[in-house]
Structure formats: structure tokens, C-alpha cells
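Asker: Starting off with a structure, shown below.
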Amino acid sequence: MASLEAKKYGTVNLACNTEDRNHAYVPSQNSLKINNAASYFHYCANNTVYGTAWKYIPDTGRVPLVADMSSNILSEPLDVTKFNLIYAGAQKNIAPAGLTVVIVRDDLPIKPLSTTPTILDYGKMIENDSMTNTPPTFNIYVLGLVLDWIDKQGGLANLAEYNKEKADMIYSFLDNSSFYQTHAEPEARSLMNVTFRTQSDTLDATFVQDAEKEGLINIKGHRVIGGLRASIFNAMPIEGVANLIDFMGKFERRNR
Ligand SMILES: *Cc1c(COP(=O)(O)O)cnc(C)c1O
């Protein structure tokens, strides 16, 4: 989607394409075709739809590195110095929908197109202390509360341990079951979005309905891939993961 959008404004070179295995994996550093003349290299660090995540920060040499971190920001420590620009919609791990956090190197040469709206000009945004217009104040207030909460959890290192524990619980359950299949290949598995399916689309639909009765909601996979998806963002406690696994066991025994 990002590349289609970017095509409206300039030339896009696809550095990789993971369509061959239905986006179930992440390309290796060596397989990336980096164009040294590119204005920037863009990637999506955690693919919310397919449930994959990059386990390394791509080395793009002198080409500025830009990442969409909407669904993994604040899930684990990150060396932001490797990036020229990171953006993240707040709605997954930060605050209610409607706010986007952008982390820009202050030495990034910002050369907007002549047609770039002022509101999207990061140079202007920096000049105006992030208030080119009135920002969504309530979302920013909640963002502050979430950052305090992260500090109370012992910071991102602790949160990362907790997130790994949650994800490992579900993946090991899935790996030990012949009833469920995971979508993402093991080396590319996201800590935030676990994509899987049962034996058929009909059974997936029953799974969604039955899960809802037990208070396990929003378990339906994204429309482009179907199947099932457990989104276990920062706000999901380990008890929620345990409840899901308990339900998955019961569902398997009922429908095997
Ligand atoms: C959620 C998400 C977005 C933004 O989604 P919208 O519904 O368009 O706001 C963008 N990138 C990633 C990786 C996401 O997870």
C-alpha cells in the first residue's frame, strides 16, 4: 500500500517482493535490491496483516532509512539512531486513533515537493514545535499516560520480555497442534500479531463466533488474508493470552 501511494509522487523501486510465499516471510539483507540513487528506503517493520516482523534493521548504506512502525513501536527497545525517519499511527501501542507519531533526525535535509501540503511538511512541523495546526490534544494526553505506564513496567526492556513471553505461549501452542496452522514462517513471526487458521474457512468463522461468546473479540484475520489473527499489542495482558490458548484447546477438541 505504501508503494502504491508513493507512486503518485515519484518513481518507486521495489527492493524486494515477498508475494511468492504470500508474504509469510521477510527478505534477507542480501536479497534487498537497494538503489543507491534513491531518496529513501521505506519498509514496514511489523506487518500487521500477515503477522510478520523484520528481526533486523536493514543496512541501506547512504540511502536514508524510513520505517512504518505503527504496529510495533514501543514493543521493544529500538536504536532510533539507525533511522532517518520513523512514523507510527498511534492506535496500536500508543493512544487512540487519530494521532501519528513521527521521529525525524533533526539533521535530515527536508526537501518537500512543491505540491506537499504544509501540514505534511516535516521541516515546517519542526519549526512550529509540532503544532502547524491544532493537534489532537486528548490523544497526546493519553500518549503521555501510556509512556508513564511503560516506565512503571520497568521500561521497554521489561515490556519486550513480557511481549516475547506472550507471543511464545501462542506460537508454541500452535506448533504443537496439528489442527491449527500458522501463516508467518518461524523466523519472521511478529510478536504483536499472530496469524493462523483452522482446517477450513467455515471452521474459522465458527472459531470467531465461539471465541466472541467467551469474550475473545477481534480475532478475525484481516480481509486480505482471511483466517484468524490474535493481536497481542502492549495493552494485552498475559491472562488474555492464556484465556485464548485455553479456548483454542477446547475448540480443537470440539471440532477435531
Ligand atoms: C495500523 C497500521 C497502519 C495504519 O492503519 P490505518 O487503519 O490506515 O490508520 C499503517 N501501518 C501499519 C504497519 C499498521 O499496522
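Letters A, B, ... mark the chains of the C-alpha cells in the order given; residue numbers begin at 1 per chain; ligand numbers begin at 1, in order shown.
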What does the list of residues within 8 Å of ligand 1 look like if you count only C-alpha atoms and all ligand atoms, written as a PyMOL selection string?

Answerer: chain A and resi 44-49+68-72+88-89+91-92+97-98

Asker: Output C-alpha atoms for every residue in the selection just made, as a short mmCIF file (atom, residue, chain, number, x, y, z; two decimals), in the first residue's frame.

Answerer:
data_model
loop_
_atom_site.label_atom_id
_atom_site.label_comp_id
_atom_site.auth_asym_id
_atom_site.auth_seq_id
_atom_site.Cartn_x
_atom_site.Cartn_y
_atom_site.Cartn_z
CA CYS A 44 7.17 -1.76 7.24
CA ALA A 45 8.85 -3.19 10.35
CA ASN A 46 5.86 -5.21 11.53
CA ASN A 47 3.27 -6.38 9.06
CA THR A 48 0.01 -6.34 11.00
CA VAL A 49 -1.90 -8.12 8.22
CA ASP A 68 6.46 2.39 9.29
CA MET A 69 6.41 1.18 12.90
CA SER A 70 2.70 1.62 13.52
CA SER A 71 2.24 -1.85 14.93
CA ASN A 72 5.50 -2.47 16.78
CA ALA A 88 3.68 5.24 13.61
CA GLY A 89 -0.08 5.55 13.77
CA GLN A 91 -3.77 3.36 17.50
CA LYS A 92 -1.92 0.11 18.17
CA ALA A 97 -6.70 6.52 16.68
CA GLY A 98 -6.15 9.94 15.13
#

Asker: Please provide as a PyMOL selection string all residues within 9 Å of region 191-208 of chain A, with the sequence filter that same-chain residues fewer than 2 positions apart are discarded (counting only C-alpha atoms).

Answerer: chain A and resi 46-53+71-72+75+163-164+166-168+170-171+174+179-184+189+210-213+216-221+226-234+248+251-252+255-256

Asker: Can you work out which one of A:Asn93, A:Thr60, A:Thr100, A:Asn22 has the shortest atom-to-atom distance to Glu76 (chain A), counting only C-alpha atoms?

Answerer: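 Smallest separation from Glu76 (chain A) among the options: A:Asn93.
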
Asker: Set the distance at 12 Å and use only C-alpha atoms: which residues neighbour Pro112 (chain A) once local chain neighbours fewer than 3 positions away are removed? I'd like the list as a PyMOL selection string.

Answerer: chain A and resi 9+39+108-109+115-125

Asker: Check the DSSP output for the backbone and give back, as a list in words, the residues of region 116-229 of chain A in strand (DSSP E or B).

Answerer: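 Checking each residue of region 116-229 of chain A, the strand (DSSP E or B) ones are Gln181, Thr182, Arg189, Asn193, Val194, Thr195, Phe196, Arg197, Lys220, Leu228 and Arg229 of chain A.
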
Asker: Could you write those residues out with N, CA, C and O atoms, as a short mmCIF file (atom, residue, chain, number, x, y, z; two decimals), in the first residue's frame?

Answerer:
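That gives us selection-v3.cif:
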data_model
loop_
_atom_site.label_atom_id
_atom_site.label_comp_id
_atom_site.auth_asym_id
_atom_site.auth_seq_id
_atom_site.Cartn_x
_atom_site.Cartn_y
_atom_site.Cartn_z
N GLN A 181 -2.80 -24.02 11.82
CA GLN A 181 -1.58 -23.71 11.06
C GLN A 181 -1.26 -22.24 11.21
O GLN A 181 -2.16 -21.40 11.18
N THR A 182 0.02 -21.94 11.35
CA THR A 182 0.42 -20.53 11.40
C THR A 182 0.65 -20.04 9.98
O THR A 182 0.97 -20.82 9.09
N ARG A 189 8.21 -14.39 12.54
CA ARG A 189 6.99 -14.21 13.32
C ARG A 189 6.95 -12.92 14.12
O ARG A 189 7.87 -12.60 14.86
N ASN A 193 1.27 -9.64 16.26
CA ASN A 193 0.12 -10.16 15.53
C ASN A 193 0.39 -11.60 15.14
O ASN A 193 1.30 -11.87 14.35
N VAL A 194 -0.38 -12.52 15.71
CA VAL A 194 -0.19 -13.93 15.44
C VAL A 194 -1.25 -14.38 14.44
O VAL A 194 -2.44 -14.34 14.74
N THR A 195 -0.81 -14.75 13.23
CA THR A 195 -1.76 -15.12 12.18
C THR A 195 -1.80 -16.64 12.06
O THR A 195 -0.77 -17.30 12.00
N PHE A 196 -2.99 -17.18 12.03
CA PHE A 196 -3.15 -18.64 11.98
C PHE A 196 -4.50 -19.00 11.38
O PHE A 196 -5.33 -18.12 11.12
N ARG A 197 -4.70 -20.29 11.12
CA ARG A 197 -6.02 -20.73 10.67
C ARG A 197 -6.33 -22.12 11.19
O ARG A 197 -5.45 -22.82 11.68
N LYS A 220 -10.79 -12.21 14.10
CA LYS A 220 -10.89 -12.49 12.67
C LYS A 220 -9.67 -11.93 11.95
O LYS A 220 -9.24 -10.81 12.24
N LEU A 228 -7.39 -16.29 10.85
CA LEU A 228 -7.54 -15.76 12.20
C LEU A 228 -6.30 -14.98 12.60
O LEU A 228 -5.21 -15.23 12.06
N ARG A 229 -6.48 -14.04 13.53
CA ARG A 229 -5.34 -13.25 13.97
C ARG A 229 -5.54 -12.84 15.42
O ARG A 229 -6.55 -12.24 15.75
#

Asker: Nearest residue to Ile110 (chain A) out of A:Asn84, A:Thr134, A:Asn158, A:Ser3, using only C-alpha atoms?

Answerer: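 Ranking A:Asn84, A:Thr134, A:Asn158, A:Ser3 by distance to Ile110 (chain A), first place goes to A:Asn84.
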
Asker: Write down as a count of residues only the residues of region 124-241 of chain A whose backbone DSSP state falls under helix (DSSP H, G or I).

Answerer: 61

Asker: Quick one: distance from CA of Asp151 (chain A) to CA of Ile103 (chain A) in Å, one decimal?

Answerer: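 Result for CA of Asp151 (chain A) versus CA of Ile103 (chain A): 19.6 Å, one decimal.
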
Asker: Show which residues sit within 10 Å of Arg105 (chain A), as a list in words. Count only C-alpha atoms, and ignore same-chain residues fewer than 6 positions away.

Answerer: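 The contact residues come out as Val80, Thr81, Lys82, Phe83, Asn84, Leu85 and Ile86 of chain A.
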
Asker: Take the residues from that selection and put them in a file with C-alpha atoms, as an mmCIF file, in the first residue's frame.

Answerer:
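That gives us again_26.cif:
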data_model
loop_
_atom_site.group_PDB
_atom_site.id
_atom_site.type_symbol
_atom_site.label_atom_id
_atom_site.label_comp_id
_atom_site.auth_asym_id
_atom_site.auth_seq_id
_atom_site.Cartn_x
_atom_site.Cartn_y
_atom_site.Cartn_z
ATOM 1 C CA VAL A 80 16.438 5.058 16.640
ATOM 2 C CA THR A 81 19.829 6.453 15.557
ATOM 3 C CA LYS A 82 19.806 3.975 12.636
ATOM 4 C CA PHE A 83 16.797 5.716 11.102
ATOM 5 C CA ASN A 84 16.236 8.959 9.307
ATOM 6 C CA LEU A 85 12.524 8.842 9.862
ATOM 7 C CA ILE A 86 10.117 6.586 11.748
#

Asker: In Å to one decimal, how far is CA of Ala24 (chain A) from CA of Ser177 (chain A)?

Answerer: 19.2 Å

Asker: May I ask which of the residues A:Gly155, A:Pro186, A:Pro96, A:Gly61 is the closest one to Leu143 (chain A), counting only C-alpha atoms?

Answerer: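 Checking each candidate against Leu143 (chain A), we get A:Pro96 as the closest.
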
Asker: Name the closest residue to His42 (chain A) among the candidates A:Glu187, A:Asp20, A:Asp59, A:Asp246; distances are taken between atoms, counting only C-alpha atoms.

Answerer: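 Once distances to His42 (chain A) are computed over only C-alpha atoms, the minimum belongs to A:Asp59.
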
Asker: Measuring between only C-alpha atoms, which one of A:Gly240, A:Pro77, A:Pro135, A:Gly154 shows the shortest distance to Val101 (chain A)?

Answerer: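 Residue with the minimum atom-to-atom distance to Val101 (chain A): A:Pro135.
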
Asker: Nearest to Asn13 (chain A) among A:Ala38, A:Asp106, A:Leu156, A:Asn30, with distances taken over only C-alpha atoms: which residue is it?

Answerer: A:Ala38
